[in-house]
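Below you'll find the structure, written out as structure tokens, and then a few comments.
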Amino acid sequence: MRYGGLNRMFEVKVIGEATGFRIELEHASIFLIKADKGLIACSYLSIKTAERLGDALCLVSGVSSFEDVLEAEIQEVSSKARKYGVREGMSGQEALKILS
């Protein structure tokens, strides 16, 4: 499902039991996959903010599609995501199974 004009694209996609969101900006796209226990997102978001709020967040980088997010290696993990068992180096798909 896509929303917005050419300059403001927003996409929502069901990914298993999770929901993916893509927000297209002028120079990049923000990718976020929301599962029951937490988020997997591109590195546009901040682990520091997730820590302050107590959220489970896993970051990937260099992605340009939802498939890339799932195939990418997790680069950073918040302490709550780590508590659930997510670790740096696992794939986004592995992290999604843990967070779902």
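By order of appearance in the structure tokens: chains A, B, ..., then residues from 1 within every chain, and ligands from 1 in the order shown.
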
| said: For the structure I just gave you, how does DSSP split region 21-98 of chain A - specifically, which residues are strand (DSSP E or B)? Reply as a VMD selection string. | reply: chain A and resid 21 to 24 29 to 34 39 to 42 57 to 60 73 76 to 77 91

Can I get the selected residues back with N, CA and C atoms, as a short mmCIF file (atom, residue, chain, number, x, y, z; two decimals), in the first residue's frame?
```cif
data_model
loop_
_atom_site.label_atom_id
_atom_site.label_comp_id
_atom_site.auth_asym_id
_atom_site.auth_seq_id
_atom_site.Cartn_x
_atom_site.Cartn_y
_atom_site.Cartn_z
N PHE A 21 7.35 -0.50 7.21
CA PHE A 21 7.07 0.88 6.82
C PHE A 21 8.28 1.43 6.07
N ARG A 22 8.01 2.11 4.95
CA ARG A 22 9.07 2.79 4.20
C ARG A 22 8.64 4.23 4.00
N ILE A 23 9.51 5.14 4.38
CA ILE A 23 9.27 6.56 4.18
C ILE A 23 10.37 7.07 3.27
N GLU A 24 9.99 7.55 2.10
CA GLU A 24 10.98 8.05 1.16
C GLU A 24 11.23 9.53 1.43
N SER A 29 15.71 6.57 2.02
CA SER A 29 14.45 6.03 2.51
C SER A 29 14.67 5.47 3.90
N ILE A 30 13.69 5.64 4.76
CA ILE A 30 13.73 5.07 6.10
C ILE A 30 12.95 3.77 6.05
N PHE A 31 13.57 2.68 6.47
CA PHE A 31 12.90 1.38 6.55
C PHE A 31 12.76 0.99 8.01
N LEU A 32 11.58 0.48 8.35
CA LEU A 32 11.28 0.08 9.72
C LEU A 32 10.36 -1.13 9.66
N ILE A 33 10.70 -2.19 10.38
CA ILE A 33 9.82 -3.35 10.49
C ILE A 33 9.43 -3.47 11.96
N LYS A 34 8.13 -3.37 12.23
CA LYS A 34 7.60 -3.41 13.60
C LYS A 34 7.07 -4.80 13.89
N LEU A 39 11.59 -3.43 17.09
CA LEU A 39 11.76 -2.89 15.75
C LEU A 39 13.09 -3.32 15.13
N ILE A 40 13.07 -3.50 13.82
CA ILE A 40 14.28 -3.63 13.03
C ILE A 40 14.23 -2.46 12.06
N ALA A 41 15.28 -1.67 12.00
CA ALA A 41 15.22 -0.46 11.20
C ALA A 41 16.58 -0.14 10.59
N CYS A 42 16.55 0.76 9.62
CA CYS A 42 17.79 1.26 9.04
C CYS A 42 18.47 2.17 10.05
N LEU A 57 15.34 -2.31 19.77
CA LEU A 57 15.64 -1.81 18.43
C LEU A 57 16.89 -2.49 17.92
N CYS A 58 16.85 -2.91 16.67
CA CYS A 58 17.98 -3.50 15.97
C CYS A 58 18.20 -2.68 14.71
N LEU A 59 19.45 -2.32 14.42
CA LEU A 59 19.73 -1.49 13.26
C LEU A 59 20.54 -2.24 12.21
N VAL A 60 20.18 -1.97 10.95
CA VAL A 60 20.91 -2.47 9.79
C VAL A 60 21.31 -1.24 8.97
N GLU A 73 22.88 -7.82 7.86
CA GLU A 73 23.44 -8.18 9.16
C GLU A 73 23.09 -7.09 10.18
N GLU A 76 23.73 -2.90 15.12
CA GLU A 76 23.62 -2.40 16.50
C GLU A 76 22.35 -2.94 17.13
N VAL A 77 22.37 -3.13 18.45
CA VAL A 77 21.24 -3.71 19.17
C VAL A 77 21.06 -2.96 20.48
N SER A 91 21.11 -12.11 11.01
CA SER A 91 20.37 -11.46 9.92
C SER A 91 19.12 -10.77 10.46
#
```

| For Ala81 (chain A), which residue out of A:Lys97, A:Lys37, A:Lys13, A:His27 is the nearest one, using only C-alpha atoms? | A:Lys37

| remark: Atom pair CA of Arg87 (chain A) + CA of Ile74 (chain A), distance 7.2 Å

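Distances to Gly85 (chain A) were evaluated for A:Thr19, A:Ser43, A:Ser61, A:Ser100 using only C-alpha atoms, and the minimum falls at A:Ser100.
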
| query | Just how far from CA of Val12 (chain A) is CA of Glu94 (chain A), in Å to one decimal? | reply | 21.0 Å

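Between CA of Gly92 (chain A) and CA of Ser64 (chain A) the interatomic distance comes to 13.6 Å.
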
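Comparing the minimum interatomic distances between Ala56 (chain A) and each of A:Leu99, A:Gly20, A:Gln75, A:Val14, counting only C-alpha atoms, we find that A:Leu99 sits nearest.
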
Show which residues sit within 9 Å of Asp55 (chain A), as an mmCIF file with N, CA and C atoms, in the first residue's frame. Count only C-alpha atoms, and ignore same-chain residues fewer than 3 positions away.
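Contents of the output file around_37.cif:
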```
data_model
loop_
_atom_site.group_PDB
_atom_site.id
_atom_site.type_symbol
_atom_site.label_atom_id
_atom_site.label_comp_id
_atom_site.auth_asym_id
_atom_site.auth_seq_id
_atom_site.Cartn_x
_atom_site.Cartn_y
_atom_site.Cartn_z
ATOM 1 N N LYS A 37 7.570 -7.432 19.729
ATOM 2 C CA LYS A 37 8.468 -7.061 20.828
ATOM 3 C C LYS A 37 9.416 -5.917 20.503
ATOM 4 N N GLY A 38 9.503 -5.508 19.244
ATOM 5 C CA GLY A 38 10.454 -4.451 18.926
ATOM 6 C C GLY A 38 10.528 -4.125 17.453
ATOM 7 N N LEU A 39 11.591 -3.430 17.088
ATOM 8 C CA LEU A 39 11.763 -2.890 15.745
ATOM 9 C C LEU A 39 13.086 -3.323 15.135
ATOM 10 N N ILE A 47 19.896 4.145 18.358
ATOM 11 C CA ILE A 47 19.941 3.233 19.506
ATOM 12 C C ILE A 47 19.870 4.044 20.801
ATOM 13 N N THR A 49 18.244 6.753 21.493
ATOM 14 C CA THR A 49 16.848 7.074 21.813
ATOM 15 C C THR A 49 16.108 5.832 22.285
ATOM 16 N N ALA A 50 16.327 4.685 21.621
ATOM 17 C CA ALA A 50 15.685 3.432 22.032
ATOM 18 C C ALA A 50 16.085 3.067 23.455
ATOM 19 N N GLU A 51 17.354 3.268 23.797
ATOM 20 C CA GLU A 51 17.821 2.987 25.156
ATOM 21 C C GLU A 51 17.102 3.876 26.169
ATOM 22 N N ARG A 52 17.028 5.163 25.849
ATOM 23 C CA ARG A 52 16.379 6.105 26.762
ATOM 24 C C ARG A 52 14.911 5.749 26.989
ATOM 25 N N SER A 78 19.840 -2.595 20.805
ATOM 26 C CA SER A 78 19.574 -1.981 22.109
ATOM 27 C C SER A 78 19.628 -3.056 23.191
ATOM 28 N N SER A 79 19.766 -2.627 24.440
ATOM 29 C CA SER A 79 19.867 -3.601 25.528
ATOM 30 C C SER A 79 18.595 -4.431 25.664
ATOM 31 N N LYS A 80 17.423 -3.851 25.378
ATOM 32 C CA LYS A 80 16.191 -4.633 25.468
ATOM 33 C C LYS A 80 16.140 -5.691 24.368
ATOM 34 N N ALA A 81 16.565 -5.352 23.155
ATOM 35 C CA ALA A 81 16.619 -6.342 22.072
ATOM 36 C C ALA A 81 17.621 -7.446 22.432
#
```

| said: Report as a list in words all protein, DNA and RNA residues lying within 7 Å of Val86 (chain A), evaluated on only C-alpha atoms, omitting residues in the same chain fewer than 4 positions from it. | reply: Ala81, Arg82, Ala95 and Ile98 of chain A

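Residues of chain A carrying a DSSP assignment of helix (DSSP H, G or I), computed from the backbone, are Ile47, Lys48, Thr49, Ala50, Glu51, Arg52, Leu53, Phe66, Glu67, Asp68, Val69, Leu70, Glu71, Ser79, Lys80, Ala81, Arg82, Lys83, Tyr84, Gly92, Gln93, Glu94, Ala95, Leu96, Lys97, Ile98 and Leu99 of chain A.
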